[in-house]
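Content type TSV, C-alpha atoms, from the file entry_37.tsv:
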```tsv
chain	number	residue	atom	x	y	z
A	1	MET	CA	-21.30	-122.19	-17.68
A	2	ARG	CA	-19.59	-121.93	-14.28
A	3	GLU	CA	-19.89	-118.13	-14.39
A	4	LYS	CA	-23.62	-118.38	-15.12
A	5	ILE	CA	-24.08	-120.79	-12.21
A	6	ASP	CA	-22.02	-118.61	-9.85
A	7	GLN	CA	-24.08	-115.55	-10.85
A	8	PHE	CA	-27.31	-117.50	-10.28
A	9	LEU	CA	-26.19	-118.72	-6.85
A	10	SER	CA	-25.06	-115.24	-5.74
A	11	ALA	CA	-28.70	-114.25	-5.08
A	12	SER	CA	-29.81	-113.79	-1.48
A	13	ALA	CA	-33.11	-115.63	-2.08
A	14	PHE	CA	-34.47	-118.06	-4.65
A	15	GLY	CA	-37.91	-118.77	-6.07
A	16	VAL	CA	-38.83	-122.38	-6.77
A	17	ILE	CA	-41.41	-122.29	-9.56
A	18	GLY	CA	-43.36	-125.53	-9.67
A	19	ALA	CA	-42.65	-126.39	-6.03
A	20	SER	CA	-44.59	-129.44	-4.89
A	21	SER	CA	-45.76	-130.76	-1.54
A	22	LYS	CA	-45.03	-134.31	-2.78
A	23	SER	CA	-41.55	-135.24	-1.56
A	24	TYR	CA	-40.82	-137.52	-4.53
A	25	LYS	CA	-41.33	-134.72	-7.08
A	26	TYR	CA	-38.45	-132.60	-8.31
A	27	GLY	CA	-40.29	-129.41	-7.38
A	28	ASN	CA	-40.01	-130.53	-3.75
A	29	LYS	CA	-36.45	-131.83	-4.02
A	30	VAL	CA	-35.19	-128.53	-5.44
A	31	LEU	CA	-36.80	-126.62	-2.56
A	32	ARG	CA	-35.27	-129.00	0.00
A	33	CYS	CA	-31.90	-128.75	-1.75
A	34	TYR	CA	-31.83	-124.99	-1.19
A	35	MET	CA	-32.84	-125.56	2.44
A	36	GLN	CA	-30.13	-128.19	2.93
A	37	ASN	CA	-27.59	-125.68	1.68
A	38	GLY	CA	-28.74	-122.93	4.06
A	39	ARG	CA	-30.25	-120.80	1.31
A	40	LYS	CA	-33.49	-118.87	1.51
A	41	ALA	CA	-36.01	-120.31	-0.94
A	42	ILE	CA	-39.65	-119.47	-1.55
A	43	PRO	CA	-41.91	-122.09	-3.09
A	44	VAL	CA	-44.22	-120.91	-5.86
A	45	ASN	CA	-47.40	-122.95	-6.21
A	46	PRO	CA	-50.85	-121.62	-7.13
A	47	VAL	CA	-52.70	-124.15	-4.93
A	48	GLU	CA	-50.59	-124.94	-1.85
A	49	LYS	CA	-50.39	-122.50	1.08
A	50	THR	CA	-47.17	-123.92	2.54
A	51	ILE	CA	-44.59	-126.47	1.39
A	52	GLU	CA	-41.95	-127.86	3.75
A	53	GLY	CA	-43.15	-125.33	6.33
A	54	ILE	CA	-42.50	-122.33	4.08
A	55	ALA	CA	-45.29	-120.01	2.95
A	56	CYS	CA	-45.91	-120.25	-0.79
A	57	ALA	CA	-46.21	-117.47	-3.30
A	58	ALA	CA	-49.08	-118.19	-5.69
A	59	ASN	CA	-47.11	-116.95	-8.69
A	60	VAL	CA	-43.89	-115.22	-9.73
A	61	SER	CA	-45.39	-111.74	-9.27
A	62	GLU	CA	-45.85	-112.45	-5.53
A	63	LEU	CA	-42.15	-113.10	-4.92
A	64	PRO	CA	-40.42	-110.48	-2.76
A	65	PRO	CA	-37.96	-108.11	-4.48
A	66	GLU	CA	-34.97	-109.87	-2.89
A	67	VAL	CA	-35.61	-112.91	-5.14
A	68	LYS	CA	-33.39	-112.40	-8.17
A	69	SER	CA	-32.92	-116.08	-9.12
A	70	ILE	CA	-35.61	-118.66	-9.87
A	71	SER	CA	-35.47	-122.38	-10.46
A	72	VAL	CA	-38.15	-123.54	-12.87
A	73	ILE	CA	-39.58	-127.05	-12.63
A	74	THR	CA	-42.61	-126.79	-14.89
A	75	PRO	CA	-43.68	-128.25	-18.24
A	76	PRO	CA	-42.13	-126.31	-21.17
A	77	GLN	CA	-45.44	-124.66	-22.15
A	78	VAL	CA	-45.75	-123.30	-18.59
A	79	THR	CA	-42.09	-122.22	-18.58
A	80	ASP	CA	-42.89	-119.87	-21.47
A	81	LYS	CA	-45.40	-118.04	-19.24
A	82	VAL	CA	-42.99	-118.12	-16.28
A	83	VAL	CA	-40.38	-116.30	-18.36
A	84	ASP	CA	-42.87	-113.51	-19.14
A	85	ALA	CA	-43.68	-113.15	-15.43
A	86	ALA	CA	-39.98	-113.28	-14.47
A	87	ILE	CA	-39.13	-110.47	-16.89
A	88	ALA	CA	-42.00	-108.35	-15.52
A	89	GLN	CA	-40.90	-109.07	-11.93
A	90	GLY	CA	-37.26	-108.05	-12.49
A	91	ILE	CA	-35.83	-111.53	-12.04
A	92	GLU	CA	-32.20	-111.59	-13.20
A	93	ASN	CA	-31.38	-115.31	-13.26
A	94	ILE	CA	-33.45	-118.27	-14.39
A	95	TRP	CA	-32.48	-121.92	-14.15
A	96	MET	CA	-34.69	-124.18	-16.22
A	97	GLN	CA	-34.31	-127.63	-14.73
A	98	PRO	CA	-33.94	-130.51	-17.22
A	99	GLY	CA	-37.30	-131.04	-18.91
A	100	ALA	CA	-38.61	-127.54	-18.13
A	101	GLU	CA	-36.79	-125.74	-20.90
A	102	SER	CA	-38.15	-124.82	-24.31
A	103	PRO	CA	-36.24	-123.11	-27.11
A	104	ALA	CA	-38.81	-120.28	-27.15
A	105	ALA	CA	-38.52	-119.69	-23.38
A	106	VAL	CA	-34.71	-119.72	-23.51
A	107	ALA	CA	-34.63	-117.30	-26.45
A	108	LYS	CA	-37.15	-114.94	-24.82
A	109	ALA	CA	-35.26	-114.90	-21.50
A	110	GLU	CA	-31.88	-114.34	-23.17
A	111	LYS	CA	-33.29	-111.56	-25.38
A	112	ALA	CA	-34.54	-109.84	-22.20
A	113	GLY	CA	-31.01	-109.99	-20.77
A	114	LEU	CA	-31.59	-112.68	-18.15
A	115	ASN	CA	-28.82	-115.04	-17.09
A	116	VAL	CA	-30.22	-118.35	-18.36
A	117	ILE	CA	-29.15	-121.87	-17.41
A	118	ALA	CA	-30.96	-124.38	-19.60
A	119	ASP	CA	-28.26	-126.76	-20.80
A	120	GLY	CA	-29.39	-129.83	-18.85
A	121	SER	CA	-27.49	-128.79	-15.71
A	122	CYS	CA	-29.34	-129.73	-12.53
A	123	ILE	CA	-29.26	-127.66	-9.34
A	124	LEU	CA	-29.55	-130.89	-7.33
A	125	VAL	CA	-26.21	-132.07	-8.74
A	126	ILE	CA	-24.49	-128.68	-8.45
A	127	LEU	CA	-25.49	-128.11	-4.80
A	128	GLY	CA	-25.29	-131.79	-3.81
A	129	TYR	CA	-28.85	-132.73	-2.87
A	130	ARG	CA	-29.30	-135.50	-0.29
A	131	ASP	CA	-32.62	-137.30	0.00
A	132	HIS	CA	-33.59	-137.93	3.63
```
Have the structure of the file written as structure tokens, please.
Amino acid sequence: MREKIDQFLSASAFGVIGASSKSYKYGNKVLRCYMQNGRKAIPVNPVEKTIEGIACAANVSELPPEVKSISVITPPQVTDKVVDAAIAQGIENIWMQPGAESPAAVAKAEKAGLNVIADGSCILVILGYRDH
């Protein structure tokens, strides 16, 4: 699993799918965790224009080409659609946060050759998130 995590974290920029403007939600905490660790992260939210002062992409297809890793904080039925969009976008690494994963989404991503982390590991723990 360490190799998968290292590969995921080697990206120069990260997409946060399911980013939220509400600071108590995990979609916001994951975005702030990347920021706290000096990493470039782009929130993906179909409604918000900016989150934590960063311009949002409305969906995965709007992420710039430099984004090769995405954190997914969405309900499992949405994660299935995110995987389709990630494959089409050329995303190489996908981290399904605890609760976002579904067996179908994991299988589809792995079949497409993506590096998948969906074993209950949490980016907040791995990177050492600190709440305000």
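Using all atoms listed in the file, the shortest contact distance between A:Val106 and any of A:Thr79, A:Ser121, A:Asn45, A:Gln89 is found at A:Thr79.
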Could you check the closest approach to A:Gly38 for each of A:Asn59, A:Gln7, A:Thr74, A:Ser12 and tell me which residue wins, using only C-alpha atoms? A:Ser12
One residue among A:Pro46, A:Val16, A:Val30, A:Glu52 is nearest to A:Ala86 when using all atoms listed in the file, and that residue is A:Val16
Have a look at atom CA of A:Ala109 and atom CA of A:Met35 and let me know their distance in Å, one decimal.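 It comes out at 26.3 Å.
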Between atom CA of A:Pro43 and atom CA of A:Asp131, what distance in Å does the model show, to one decimal?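 Computing it gives 18.1 Å between the two atoms.
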Determine, counting all atoms listed in the file, which protein, DNA and RNA residues have an atom within 12 Å of an atom of A:Ala107; residues of the same chain fewer than 3 positions away are not included. Present the result as a PyMOL selection string. chain A and resi 79-80+83-84+101-104+110-118
Choose the residue, out of A:Gly90, A:Ser21, A:Ala105, A:Gly27, that has the smallest atom-to-atom separation from A:Val78; count only C-alpha atoms. A:Ala105
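Using only C-alpha atoms, the nearest neighbour of A:Tyr26 within the list A:Gly99, A:Ala85, A:Gly120, A:Glu3 is A:Gly99.
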So, with all atoms listed in the file as the atoms that count, which of A:Leu127, A:Met1, A:Cys56, A:Ala13 lies closest to A:Ile91?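 The shortest atom-to-atom distance to A:Ile91 comes from A:Ala13.
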Would you compute the distance between atom CA of A:Ile126 and atom CA of A:Glu62? Give it in Å to one decimal. 27.0 Å
Excluding A:Ile51 and any residue of its chain fewer than 3 positions from it, enumerate the residues within 10 Å of it, using all atoms listed in the file, and give them as number ranges by chain. A: 19-23, 28, 31-32, 42-45, 48, 54-56
Got a sec: who's within 9 Å of A:Cys122, counting only C-alpha atoms, leaving out chain neighbours fewer than 5 positions off, as a PyMOL selection string? chain A and resi 95-98+127
Give me the residues near A:Gly15 as an MDAnalysis selection string, where near means some atom within 8 Å (using only C-alpha atoms) and where sequence neighbours in that chain fewer than 3 positions away do not count. chainID A and resid 41:44 60 63 67 69:71
Store the residues of this selection in a file with C-alpha atoms, as a JSON list (two decimals), keeping the file's coordinate frame.
```
[["chain", "number", "residue", "atom", "x", "y", "z"],
["A", 41, "ALA", "CA", -36.01, -120.31, -0.94],
["A", 42, "ILE", "CA", -39.65, -119.47, -1.55],
["A", 43, "PRO", "CA", -41.91, -122.09, -3.09],
["A", 44, "VAL", "CA", -44.22, -120.91, -5.86],
["A", 60, "VAL", "CA", -43.89, -115.22, -9.73],
["A", 63, "LEU", "CA", -42.15, -113.10, -4.92],
["A", 67, "VAL", "CA", -35.61, -112.91, -5.14],
["A", 69, "SER", "CA", -32.92, -116.08, -9.12],
["A", 70, "ILE", "CA", -35.61, -118.66, -9.87],
["A", 71, "SER", "CA", -35.47, -122.38, -10.46]]
```
